[in-house]
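Report on one structure; see the data block that follows.
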Amino acid sequence: MVEIILEGVLFVALVATVVALFYWGILYLTPLGRRIRETENRRRIDRDADLTCPIHGRYAERDVVRLPTGERMCPACYKEATHGKLDQ
């Protein structure tokens, strides 16, 4: 009984290893993988750019105000735009 369970566990581990190696091979050895990595890097850079105000600097994602249009604005710029008060 133990041999059957052990064989099943080893077979699942073998399948998982083959799938992981296949995924790694596609991700790092093919042009498709390069494109996937570049797309992910582009998303990360765009997300960081959305969280950085050119005037007031970087903010955490939870602090940034999302406008009804879907655009993001830093809280200081939003305060200035709504209340008309500038930084001093």
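As shown in the structure tokens, the chain order sets the letters A, B, ...; within each chain, residues go from 1, and ligands are also counted from 1 in the order they appear.
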
Who sits within 9 Å of A:Cys77, only C-alpha atoms, same chain under 3 positions skipped, as a list in words: Cys53, Ile55, His56, Met73, Cys74, Glu80, Ala81, Thr82 and Leu86 of chain A

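Every residue of chain A found in strand (DSSP E or B) when DSSP is run on the backbone appears here: Thr52, Cys53, Gly57, Arg58, Val65, Arg66, Arg72 and Met73 of chain A.
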
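Relative to atom CA of A:Tyr23, atom CA of A:Val9 is found at 21.1 Å.
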
Sel. of alpha helix (DSSP H) residues, stretch 31-79 of chain A, as a VMD selection string: chain A and resid 31 to 50 75 to 79

Distance in Å - atom CA of A:Leu29 versus atom CA of A:Thr17: 17.2 Å

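Atom CA of A:Glu38 is found 16.1 Å from atom CA of A:Gly25.
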